[in-house]
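Chemist: Input file: query.tsv. Contents: TSV, C-alpha atoms.
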chain	number	residue	atom	x	y	z
A	1	MET	CA	122.17	62.23	109.62
A	2	ARG	CA	119.79	61.85	112.55
A	3	ARG	CA	119.54	65.67	112.82
A	4	ALA	CA	118.76	65.96	109.08
A	5	ALA	CA	116.12	63.27	109.29
A	6	LEU	CA	114.52	64.96	112.30
A	7	LEU	CA	114.46	68.30	110.45
A	8	ALA	CA	112.84	66.69	107.41
A	9	ALA	CA	110.18	65.07	109.57
A	10	THR	CA	109.47	68.37	111.31
A	11	LEU	CA	109.08	70.22	108.02
A	12	LEU	CA	106.71	67.53	106.77
A	13	THR	CA	104.58	67.94	109.90
A	14	LEU	CA	104.37	71.72	109.47
A	15	ALA	CA	103.58	71.66	105.74
A	16	PRO	CA	100.07	72.70	104.62
A	17	ALA	CA	97.62	69.82	104.48
A	18	ALA	CA	97.34	68.25	101.04
A	19	VAL	CA	96.04	65.07	99.46
A	20	ALA	CA	96.88	63.41	96.19
A	21	CYS	CA	94.03	63.80	93.75
A	22	SER	CA	93.44	63.05	90.13
A	23	SER	CA	90.77	63.80	87.56
A	24	SER	CA	89.35	62.04	84.54
A	25	ASN	CA	90.80	64.79	82.33
A	26	SER	CA	94.26	64.60	83.90
A	27	THR	CA	96.63	61.65	83.82
A	28	THR	CA	98.85	62.90	86.66
A	29	SER	CA	98.22	63.25	90.35
A	30	THR	CA	98.48	66.67	91.98
A	31	GLU	CA	98.96	67.68	95.58
A	32	CYS	CA	95.63	69.32	96.42
A	33	ARG	CA	95.23	71.80	99.24
A	34	THR	CA	92.84	70.69	101.97
A	35	LEU	CA	91.22	72.55	104.83
A	36	ALA	CA	93.35	72.95	107.92
A	37	ALA	CA	92.17	71.13	111.02
A	38	ASP	CA	90.91	73.80	113.40
A	39	LYS	CA	89.00	73.60	116.67
A	40	GLY	CA	86.84	76.50	115.50
A	41	TRP	CA	84.95	74.15	113.19
A	42	TYR	CA	81.96	72.63	114.92
A	43	GLY	CA	81.25	68.90	114.75
A	44	GLU	CA	81.62	67.51	111.22
A	45	ASN	CA	81.48	70.88	109.45
A	46	ARG	CA	85.12	70.90	108.38
A	47	ASP	CA	84.91	67.32	107.10
A	48	ARG	CA	81.71	67.96	105.16
A	49	LEU	CA	83.17	71.08	103.57
A	50	GLN	CA	86.31	69.14	102.63
A	51	LYS	CA	84.21	66.37	101.11
A	52	LEU	CA	82.41	68.93	98.94
A	53	ILE	CA	85.72	70.45	97.86
A	54	THR	CA	87.15	67.05	96.97
A	55	GLU	CA	84.06	65.94	95.05
A	56	ARG	CA	83.29	69.19	93.21
A	57	GLY	CA	86.72	70.79	92.92
A	58	HIS	CA	89.17	70.62	90.02
A	59	CYS	CA	92.57	70.63	91.63
A	60	GLY	CA	95.30	70.84	88.99
A	61	THR	CA	92.85	70.43	86.11
A	62	THR	CA	90.61	72.53	83.92
A	63	PRO	CA	86.91	71.88	84.61
A	64	ASP	CA	84.59	70.79	81.85
A	65	GLY	CA	82.40	73.88	81.55
A	66	ALA	CA	82.16	76.61	84.14
A	67	ALA	CA	84.05	76.33	87.43
A	68	PRO	CA	81.87	75.55	90.46
A	69	VAL	CA	80.84	78.76	92.24
A	70	ALA	CA	81.21	79.46	95.97
A	71	LEU	CA	79.67	82.62	97.43
A	72	PHE	CA	80.43	84.37	100.72
A	73	ASP	CA	78.79	87.22	102.53
A	74	TRP	CA	81.49	89.46	104.05
A	75	ASP	CA	80.51	91.14	107.34
A	76	ASN	CA	80.47	88.66	110.25
A	77	THR	CA	81.02	85.83	107.75
A	78	VAL	CA	84.56	86.44	106.46
A	79	VAL	CA	85.38	88.88	109.26
A	80	ARG	CA	84.13	89.50	112.77
A	81	ASN	CA	82.25	92.83	112.90
A	82	ASP	CA	81.17	95.08	110.06
A	83	ILE	CA	83.49	96.86	107.62
A	84	GLY	CA	80.71	99.12	106.32
A	85	SER	CA	80.01	100.36	109.83
A	86	ALA	CA	83.73	100.67	110.56
A	87	THR	CA	84.14	102.92	107.52
A	88	ALA	CA	81.06	104.99	108.40
A	89	TYR	CA	82.33	105.46	111.97
A	90	TRP	CA	85.72	106.57	110.63
A	91	MET	CA	84.11	109.06	108.23
A	92	ILE	CA	81.91	110.52	110.97
A	93	ARG	CA	84.71	110.65	113.55
A	94	THR	CA	87.08	112.39	111.12
A	95	GLY	CA	84.50	114.82	109.72
A	96	LYS	CA	84.17	113.42	106.19
A	97	ILE	CA	80.37	113.24	105.75
A	98	ARG	CA	79.12	116.10	103.53
A	99	GLN	CA	76.10	118.31	104.09
A	100	PRO	CA	73.44	117.20	101.57
A	101	ALA	CA	72.14	119.33	98.73
A	102	ASN	CA	70.24	122.38	100.01
A	103	GLY	CA	70.66	121.00	103.53
A	104	ASP	CA	67.77	118.63	102.69
A	105	TRP	CA	68.38	115.18	104.16
A	106	ARG	CA	65.55	113.72	102.09
A	107	THR	CA	67.94	113.88	99.13
A	108	THR	CA	70.08	111.19	100.82
A	109	SER	CA	67.37	108.51	100.78
A	110	ARG	CA	63.95	108.21	99.20
A	111	TYR	CA	62.83	106.30	102.32
A	112	LEU	CA	63.92	108.83	104.93
A	113	GLY	CA	60.79	110.12	106.66
A	114	PRO	CA	60.04	113.84	107.07
A	115	GLU	CA	60.45	113.74	110.86
A	116	ALA	CA	63.81	112.02	110.55
A	117	ALA	CA	64.94	114.50	107.89
A	118	GLN	CA	63.93	117.38	110.15
A	119	ALA	CA	65.74	115.88	113.13
A	120	LEU	CA	68.91	115.49	111.06
A	121	ALA	CA	68.60	119.07	109.79
A	122	GLU	CA	68.34	120.31	113.37
A	123	ALA	CA	71.28	118.20	114.54
A	124	CYS	CA	73.42	119.05	111.49
A	125	PRO	CA	72.31	122.58	110.41
A	126	THR	CA	73.66	124.42	107.39
A	127	ALA	CA	75.24	126.81	109.88
A	128	LEU	CA	77.52	123.90	110.76
A	129	ALA	CA	78.53	123.29	107.12
A	130	ALA	CA	77.29	124.60	103.80
A	131	PRO	CA	75.70	122.13	101.35
A	132	GLY	CA	78.34	119.97	99.70
A	133	THR	CA	81.00	120.64	102.34
A	134	PRO	CA	82.08	118.25	105.12
A	135	LEU	CA	80.10	118.39	108.34
A	136	LEU	CA	82.23	119.10	111.39
A	137	THR	CA	81.36	115.80	113.05
A	138	ASP	CA	84.92	115.53	114.34
A	139	ARG	CA	83.93	118.43	116.64
A	140	ASP	CA	80.12	118.55	116.74
A	141	THR	CA	78.92	115.62	118.83
A	142	ARG	CA	75.21	116.33	118.30
A	143	CYS	CA	75.47	115.86	114.54
A	144	ALA	CA	77.77	112.86	114.95
A	145	ASP	CA	75.38	111.17	117.38
A	146	ALA	CA	72.43	111.68	115.02
A	147	LEU	CA	74.31	110.08	112.12
A	148	VAL	CA	75.46	107.13	114.23
A	149	ALA	CA	71.90	106.51	115.47
A	150	VAL	CA	70.56	106.24	111.92
A	151	VAL	CA	73.51	104.16	110.69
A	152	ASP	CA	73.37	101.71	113.59
A	153	ASP	CA	69.67	101.40	114.37
A	154	GLY	CA	67.77	103.04	111.52
A	155	GLU	CA	66.29	105.36	114.15
A	156	ILE	CA	66.58	108.94	115.32
A	157	GLY	CA	65.03	110.35	118.46
A	158	GLY	CA	63.81	106.82	119.25
A	159	LYS	CA	61.63	106.69	116.12
A	160	PRO	CA	62.16	104.79	112.84
A	161	ALA	CA	64.02	106.92	110.31
A	162	PHE	CA	62.86	105.04	107.20
A	163	ALA	CA	59.54	103.80	105.82
A	164	GLY	CA	57.84	102.58	102.66
A	165	TYR	CA	60.42	100.09	101.39
A	166	ASP	CA	60.35	96.42	100.35
A	167	HIS	CA	61.76	94.55	103.35
A	168	ARG	CA	62.93	91.66	101.17
A	169	ARG	CA	64.95	93.88	98.83
A	170	MET	CA	66.11	96.83	100.88
A	171	GLU	CA	67.58	97.74	104.25
A	172	PRO	CA	67.65	101.57	104.07
A	173	ALA	CA	70.20	102.03	106.86
A	174	TYR	CA	72.69	99.84	104.94
A	175	ALA	CA	71.97	101.79	101.76
A	176	TRP	CA	72.28	105.11	103.62
A	177	VAL	CA	75.87	104.34	104.61
A	178	VAL	CA	76.69	104.20	100.89
A	179	GLN	CA	74.56	107.24	100.03
A	180	LEU	CA	76.43	109.28	102.67
A	181	MET	CA	79.58	108.77	100.58
A	182	ALA	CA	78.20	111.22	98.00
A	183	GLY	CA	80.66	113.81	96.73
A	184	TYR	CA	83.73	111.57	96.84
A	185	THR	CA	85.30	109.38	94.18
A	186	GLU	CA	85.25	105.62	94.66
A	187	ALA	CA	89.05	105.73	94.98
A	188	GLU	CA	88.75	108.24	97.84
A	189	ILE	CA	86.23	106.02	99.65
A	190	GLU	CA	88.54	103.04	99.17
A	191	ASP	CA	91.33	105.06	100.79
A	192	PHE	CA	89.02	106.00	103.69
A	193	ALA	CA	88.18	102.31	104.10
A	194	LYS	CA	91.87	101.39	104.14
A	195	SER	CA	92.48	103.91	106.92
A	196	ALA	CA	89.53	102.51	108.89
A	197	ARG	CA	90.84	98.98	108.25
A	198	THR	CA	94.28	99.83	109.63
A	199	GLU	CA	92.73	101.19	112.83
A	200	ALA	CA	90.25	98.33	113.19
A	201	LEU	CA	92.89	95.62	112.82
A	202	ALA	CA	95.19	97.38	115.30
A	203	ALA	CA	92.51	97.82	117.96
A	204	PRO	CA	92.35	95.06	120.61
A	205	GLU	CA	89.52	92.55	120.28
A	206	GLY	CA	86.48	93.90	122.09
A	207	ALA	CA	87.74	97.49	122.02
A	208	LYS	CA	85.30	100.39	121.80
A	209	GLN	CA	85.68	103.82	120.25
A	210	ARG	CA	83.72	107.00	120.81
A	211	VAL	CA	82.03	108.58	117.78
A	212	GLY	CA	80.38	111.75	118.97
A	213	THR	CA	79.32	110.61	122.42
A	214	THR	CA	78.31	107.13	121.28
A	215	GLU	CA	80.43	104.08	122.04
A	216	VAL	CA	80.74	101.71	119.09
A	217	ALA	CA	82.94	98.77	118.11
A	218	ALA	CA	86.51	99.75	117.24
A	219	TRP	CA	87.84	96.43	115.99
A	220	VAL	CA	87.51	93.97	113.12
A	221	ARG	CA	89.27	90.63	112.60
A	222	TYR	CA	89.50	88.24	109.70
A	223	TYR	CA	88.33	84.74	110.53
A	224	SER	CA	91.37	82.55	109.86
A	225	GLN	CA	89.10	79.56	109.27
A	226	ILE	CA	87.14	81.33	106.52
A	227	LYS	CA	90.32	82.74	105.00
A	228	ASP	CA	91.63	79.16	104.83
A	229	LEU	CA	88.32	77.95	103.36
A	230	ILE	CA	88.38	80.60	100.63
A	231	GLY	CA	92.00	79.84	99.77
A	232	THR	CA	91.35	76.11	99.66
A	233	LEU	CA	88.35	76.58	97.38
A	234	VAL	CA	90.36	78.79	95.01
A	235	ASP	CA	93.25	76.32	94.92
A	236	ASN	CA	90.79	73.56	94.07
A	237	GLY	CA	89.36	75.38	91.06
A	238	PHE	CA	86.27	77.04	92.54
A	239	ASP	CA	85.10	80.45	91.35
A	240	VAL	CA	84.87	82.24	94.72
A	241	ARG	CA	82.87	85.48	94.96
A	242	ILE	CA	81.88	87.94	97.68
A	243	ILE	CA	78.28	89.24	97.83
A	244	SER	CA	78.20	91.93	100.51
A	245	ALA	CA	75.88	94.65	101.79
A	246	SER	CA	78.88	96.93	102.38
A	247	ALA	CA	79.86	99.42	99.68
A	248	GLN	CA	81.82	98.11	96.72
A	249	PRO	CA	84.91	100.34	97.30
A	250	VAL	CA	84.92	99.35	100.98
A	251	VAL	CA	84.94	95.64	100.14
A	252	ARG	CA	87.75	96.32	97.65
A	253	ALA	CA	89.85	97.71	100.50
A	254	TRP	CA	89.47	94.53	102.58
A	255	ALA	CA	89.38	91.68	100.03
A	256	PRO	CA	93.08	91.43	99.04
A	257	GLU	CA	93.81	89.78	102.41
A	258	VAL	CA	91.79	86.73	101.30
A	259	GLY	CA	93.28	86.72	97.80
A	260	LEU	CA	90.23	87.86	95.82
A	261	ALA	CA	90.51	90.29	92.91
A	262	PRO	CA	88.10	93.23	92.40
A	263	ASP	CA	86.15	91.39	89.70
A	264	LYS	CA	85.19	88.78	92.31
A	265	LEU	CA	83.48	91.30	94.60
A	266	ILE	CA	79.86	92.44	94.60
A	267	GLY	CA	79.22	95.18	97.14
A	268	ILE	CA	76.52	97.84	97.13
A	269	ARG	CA	77.29	99.85	94.01
A	270	PRO	CA	76.67	103.59	94.05
A	271	VAL	CA	75.72	105.62	91.01
A	272	VAL	CA	78.74	107.64	89.85
A	273	ALA	CA	78.22	110.93	87.98
A	274	ASP	CA	81.10	113.05	86.66
A	275	GLY	CA	83.50	110.82	88.55
A	276	LYS	CA	81.85	111.42	91.94
A	277	ILE	CA	79.51	109.20	93.95
A	278	ALA	CA	75.91	110.41	93.84
A	279	PRO	CA	73.38	109.68	96.64
A	280	HIS	CA	71.83	106.97	94.47
A	281	LEU	CA	72.35	103.26	93.90
A	282	ARG	CA	72.74	101.00	90.91
A	283	GLY	CA	69.90	98.58	90.33
A	284	CYS	CA	69.59	94.96	89.27
A	285	GLY	CA	67.46	92.97	86.87
A	286	ASP	CA	64.51	95.14	85.84
A	287	VAL	CA	65.24	97.73	88.57
A	288	PRO	CA	67.02	100.68	86.91
A	289	ASP	CA	69.98	102.55	88.30
A	290	GLY	CA	68.88	105.41	90.54
A	291	ASP	CA	65.56	103.82	91.47
A	292	ASP	CA	67.15	103.12	94.87
A	293	SER	CA	64.62	100.41	95.71
A	294	MET	CA	67.00	97.46	96.11
A	295	ILE	CA	70.44	96.61	97.42
A	296	ASN	CA	72.39	93.42	98.18
A	297	TYR	CA	69.78	92.34	100.72
A	298	ILE	CA	67.84	89.02	100.91
A	299	ASP	CA	66.25	88.70	97.44
A	300	GLY	CA	68.50	91.49	96.16
A	301	LYS	CA	71.53	89.27	96.74
A	302	ARG	CA	69.99	86.59	94.54
A	303	CYS	CA	69.34	89.14	91.79
A	304	LEU	CA	72.93	90.37	91.82
A	305	VAL	CA	74.40	86.87	91.90
A	306	ASN	CA	72.20	85.82	88.98
A	307	GLN	CA	73.06	88.96	87.02
A	308	GLU	CA	76.74	89.44	87.82
A	309	VAL	CA	77.87	85.82	88.19
A	310	LEU	CA	75.42	83.70	86.19
A	311	GLY	CA	74.63	86.20	83.42
A	312	ILE	CA	70.85	86.20	83.92
A	313	SER	CA	69.35	89.58	83.08
A	314	GLY	CA	66.04	91.43	83.37
A	315	ALA	CA	63.16	90.39	85.60
A	316	GLN	CA	64.36	86.78	85.44
A	317	ALA	CA	67.33	87.71	87.62
A	318	TRP	CA	64.96	87.87	90.61
A	319	GLN	CA	63.91	84.23	90.15
A	320	GLN	CA	65.81	81.19	91.35
A	321	ALA	CA	68.20	80.07	88.61
A	322	PRO	CA	68.13	76.50	87.24
A	323	GLU	CA	69.87	74.13	89.63
A	324	ALA	CA	72.68	73.26	87.23
A	325	ARG	CA	73.73	76.94	87.04
A	326	ARG	CA	73.56	77.85	90.73
A	327	GLN	CA	76.37	78.13	93.25
A	328	VAL	CA	77.59	74.96	94.94
A	329	LEU	CA	78.36	76.62	98.28
A	330	SER	CA	77.04	79.72	100.04
A	331	ALA	CA	78.12	81.13	103.42
A	332	GLY	CA	76.42	83.84	105.50
A	333	ASP	CA	75.40	84.91	108.97
A	334	SER	CA	72.17	86.94	108.79
A	335	VAL	CA	68.71	87.22	107.28
A	336	THR	CA	70.45	89.38	104.66
A	337	ASP	CA	71.88	86.14	103.29
A	338	LEU	CA	68.85	83.88	103.49
A	339	THR	CA	67.92	83.71	99.80
A	340	PHE	CA	71.37	83.21	98.33
A	341	LEU	CA	72.11	80.64	101.03
A	342	SER	CA	68.96	78.76	100.09
A	343	ASP	CA	69.99	78.80	96.43
A	344	ALA	CA	73.19	76.79	97.02
A	345	THR	CA	73.01	73.26	95.64
A	346	GLY	CA	75.75	71.66	97.75
A	347	LEU	CA	76.19	73.12	101.24
A	348	ARG	CA	74.93	76.23	103.08
A	349	LEU	CA	77.29	77.40	105.82
A	350	VAL	CA	75.66	79.57	108.50
A	351	ILE	CA	77.71	81.45	111.10
A	352	ASN	CA	75.40	81.53	114.12
A	353	ARG	CA	74.67	85.09	115.26
A	354	ASN	CA	71.30	84.17	116.77
A	355	VAL	CA	69.35	85.75	113.88
A	356	PRO	CA	65.89	84.15	114.24
A	357	GLU	CA	64.61	83.91	110.65
A	358	LEU	CA	67.89	82.51	109.35
A	359	MET	CA	68.39	80.12	112.25
A	360	CYS	CA	64.84	78.77	111.95
A	361	THR	CA	65.57	77.85	108.34
A	362	ALA	CA	69.05	76.52	109.03
A	363	TYR	CA	67.98	74.31	111.93
A	364	ALA	CA	65.00	72.99	109.96
A	365	ASP	CA	67.66	71.66	107.55
A	366	ALA	CA	65.07	70.22	105.21
A	367	ASP	CA	67.56	68.60	102.81
A	368	GLY	CA	70.51	68.00	105.13
A	369	THR	CA	72.75	70.62	103.49
A	370	TRP	CA	72.73	73.35	106.16
A	371	LEU	CA	75.85	73.60	108.33
A	372	VAL	CA	75.63	75.75	111.47
A	373	ASN	CA	78.86	76.94	113.07
A	374	PRO	CA	79.41	79.21	116.10
A	375	MET	CA	81.15	82.52	115.46
A	376	PHE	CA	84.89	81.85	115.41
A	377	ILE	CA	85.63	84.87	117.63
A	378	GLU	CA	83.48	85.76	120.64
A	379	PRO	CA	80.73	83.26	119.77
A	380	LYS	CA	77.20	84.05	120.86
A	381	PRO	CA	75.74	82.20	123.86
A	382	GLN	CA	72.88	79.80	123.35
A	383	ALA	CA	69.71	81.64	122.40
A	384	LYS	CA	66.26	80.87	123.73
A	385	PRO	CA	64.24	78.64	121.37
A	386	TYR	CA	63.35	80.58	118.23
A	387	ALA	CA	59.64	81.34	117.86
A	388	CYS	CA	59.60	80.58	114.15
A	389	ALA	CA	55.85	81.23	113.82
A	390	THR	CA	56.60	84.97	114.06
A	391	ALA	CA	60.29	85.14	113.08
A	392	GLY	CA	59.79	85.91	109.38
A	393	THR	CA	59.23	89.30	107.74
A	394	ASP	CA	57.26	89.90	104.56
A	395	ALA	CA	57.85	92.61	101.95
A	396	ALA	CA	55.67	95.07	103.87
A	397	GLY	CA	57.57	94.46	107.12
A	398	ALA	CA	54.88	92.39	108.85
A	399	LYS	CA	55.88	89.45	111.03
A	400	VAL	CA	55.01	86.14	109.39
A	401	PRO	CA	55.81	82.46	109.95
A	402	VAL	CA	59.07	81.00	108.72
A	403	ARG	CA	58.09	78.10	106.49
A	404	GLY	CA	59.83	74.82	105.84
A	405	ALA	CA	60.61	73.32	102.44
A	406	ASP	CA	57.09	71.87	102.32
A	407	GLY	CA	55.52	75.30	102.84
A	408	ALA	CA	54.24	74.51	106.34
A	409	PRO	CA	54.97	76.99	109.16
A	410	LEU	CA	57.80	75.99	111.45
A	411	GLY	CA	57.23	75.74	115.19
A	412	SER	CA	59.67	76.54	117.99
A	413	VAL	CA	63.28	75.60	117.15
A	414	ALA	CA	66.05	75.09	119.70
A	415	ASP	CA	69.46	76.73	119.32
A	416	THR	CA	71.77	73.73	119.51
A	417	VAL	CA	75.01	75.02	117.93
A	418	TYR	CA	76.65	77.67	120.11
Take the structure in the file and give it back as structure tokens.

Modeler:
Amino acid sequence: MRRAALLAATLLTLAPAAVACSSSNSTTSTECRTLAADKGWYGENRDRLQKLITERGHCGTTPDGAAPVALFDWDNTVVRNDIGSATAYWMIRTGKIRQPANGDWRTTSRYLGPEAAQALAEACPTALAAPGTPLLTDRDTRCADALVAVVDDGEIGGKPAFAGYDHRRMEPAYAWVVQLMAGYTEAEIEDFAKSARTEALAAPEGAKQRVGTTEVAAWVRYYSQIKDLIGTLVDNGFDVRIISASAQPVVRAWAPEVGLAPDKLIGIRPVVADGKIAPHLRGCGDVPDGDDSMINYIDGKRCLVNQEVLGISGAQAWQQAPEARRQVLSAGDSVTDLTFLSDATGLRLVINRNVPELMCTAYADADGTWLVNPMFIEPKPQAKPYACATAGTDAAGAKVPVRGADGAPLGSVADTVY
């Protein structure tokens, strides 16, 4: 009897955390999943997230009206490191990138400058591969290095590769990763991403790989804390979505691990013609498909959330939605996420990667809803105080002040969560 009682007590201790909850439209109590206690959560962040889940969730009941929405960026928010980059590295290392039409690299991006296009043509000549056929980047390090430089830094030969874009709607290097997938089906890209995923999860934390002659990250890990947060939100009746600047088929390859179906994912969406990916992108709001002037980036993330989640169409999708319709929770790690983070009406969770414009806004915490948490794996050291007067970027790419909720420029802000 004593042994049975001890076993029962042990099983109770190991069981997932739960609380009894009830709702006005339910007469019975239900065991509701709660966030696991974890030392990776900084300060009161876990408790404040749990409070939001308890107050806004619908555990065991059907909500009156739409379910509360929670939105997550993917790269360096749900996982450590970047799945779009991991897939691009895999495609370059295994010789999957195709020579563009007529050997003209300007066909891969409307923002690629003539000097950059010429440099790519010299590094990856048609003698290496005919237009439409895979470049031999598994053997030719010069071509591989040129592609990696543009993917990683948006530069080639030490000079910017792209120009003339709206810096609040577009990051051409992110878009270019998707445009380089031209010639394949989405299913083929998803398979490539699954192969890259297998390698990245098997690689030791901190491991490097060589692509061409360039050393790049070889590993990716899911954050167990965010995986638990997503699962807890789902179990409490939240409509959880991903809004990522990685390609849609790449996100599809990674999302099953956190229990999210394809219809809950919003990645960068390529134009598909005759079943194959074209070097063009789908638009949003009043931006047509193939215009290639926006992606899931800063204000572009708001547009896609409004359009794909909230059902707001046309030019209005670029405007902040009415408060009652917006997401309750947003989570992100970079300036890419700033607008959709700001749109959340409950809490805004920021994973601290020392990104100045985002951290200036998060630390200003005008309404007390911004939660800053160190990275759960290999957290960044404390940054120098952020010079918020020059940390912002306008649509033309000029440095501008980051402004508080009252519109006034922010001064220097200390990095206190690290």

Chemist: Which residue out of A:Trp370, A:Tyr184, A:Trp74, A:Phe376 has the minimum interatomic distance to Leu341 in chain A when only C-alpha atoms are used?

Modeler: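 With only C-alpha atoms as the atom set, the closest residue is A:Trp370.
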
Chemist: Could you tell me how far CA of Met91 in chain A sits from CA of His167 in chain A, in Å to one decimal place?

Modeler: 27.1 Å

Chemist: For Arg142 in chain A, which residue out of A:Val400, A:Thr126, A:Ala321, A:Leu120 is the nearest one, using all atoms listed in the file?

Modeler: A:Leu120

Chemist: Mind giving me the straight-line distance from CA of Ala144 in chain A to CA of Pro100 in chain A in Å, one decimal?

Modeler: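 Here the two named atoms are 14.7 Å from each other.
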
Chemist: Which residue, A:Met181, A:Ile298, A:Ile312, A:Val372, has the smallest gap to Asp343 in chain A when you use only C-alpha atoms?

Modeler: A:Ile298

Chemist: Could you give me, as JSON lines, a per-residue list for range 46-85 of chain A showing, wherever an atom lies at most 12 Å from an atom of range 243-266 of chain A, the closest pair of atoms and their distance in Å to one decimal, using all atoms listed in the file and sorting by chain then residue number from low to high?

Modeler:
{"residue": "A:Val69", "atom": "CA", "partner": "A:Lys264", "partner_atom": "CA", "distance": 10.9}
{"residue": "A:Ala70", "atom": "CA", "partner": "A:Ile243", "partner_atom": "CA", "distance": 10.4}
{"residue": "A:Leu71", "atom": "CA", "partner": "A:Ile243", "partner_atom": "CA", "distance": 6.8}
{"residue": "A:Phe72", "atom": "CA", "partner": "A:Ile243", "partner_atom": "CA", "distance": 6.1}
{"residue": "A:Asp73", "atom": "CA", "partner": "A:Ile243", "partner_atom": "CA", "distance": 5.1}
{"residue": "A:Trp74", "atom": "CA", "partner": "A:Ser244", "partner_atom": "CA", "distance": 5.4}
{"residue": "A:Asp75", "atom": "CA", "partner": "A:Ser244", "partner_atom": "CA", "distance": 7.3}
{"residue": "A:Asn76", "atom": "CA", "partner": "A:Ser244", "partner_atom": "CA", "distance": 10.5}
{"residue": "A:Thr77", "atom": "CA", "partner": "A:Ser244", "partner_atom": "CA", "distance": 9.9}
{"residue": "A:Val78", "atom": "CA", "partner": "A:Val258", "partner_atom": "CA", "distance": 8.9}
{"residue": "A:Val79", "atom": "CA", "partner": "A:Trp254", "partner_atom": "CA", "distance": 9.7}
{"residue": "A:Asn81", "atom": "CA", "partner": "A:Ser246", "partner_atom": "CA", "distance": 11.8}
{"residue": "A:Asp82", "atom": "CA", "partner": "A:Ser246", "partner_atom": "CA", "distance": 8.2}
{"residue": "A:Ile83", "atom": "CA", "partner": "A:Ser246", "partner_atom": "CA", "distance": 7.0}
{"residue": "A:Gly84", "atom": "CA", "partner": "A:Ser246", "partner_atom": "CA", "distance": 4.9}
{"residue": "A:Ser85", "atom": "CA", "partner": "A:Ser246", "partner_atom": "CA", "distance": 8.3}

Chemist: For the atom pair CA of Lys384 in chain A and CA of Asp406 in chain A, what is the interatomic distance in Å to one decimal place?

Modeler: 25.0 Å

Chemist: Select, from A:Ala129, A:Val272, A:Ala317, A:Val240, the residue with the minimum atom-to-atom distance to Cys284 in chain A, counting only C-alpha atoms.

Modeler: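 Result for the nearest residue to Cys284 in chain A: A:Ala317.
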
Chemist: In terms of the shortest atom-to-atom distance over all atoms listed in the file, which of A:Ala88, A:Met359, A:Ser293, A:Thr185 is closest to Ala163 in chain A?

Modeler: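 For Ala163 in chain A, the nearest of the given residues is A:Ser293.
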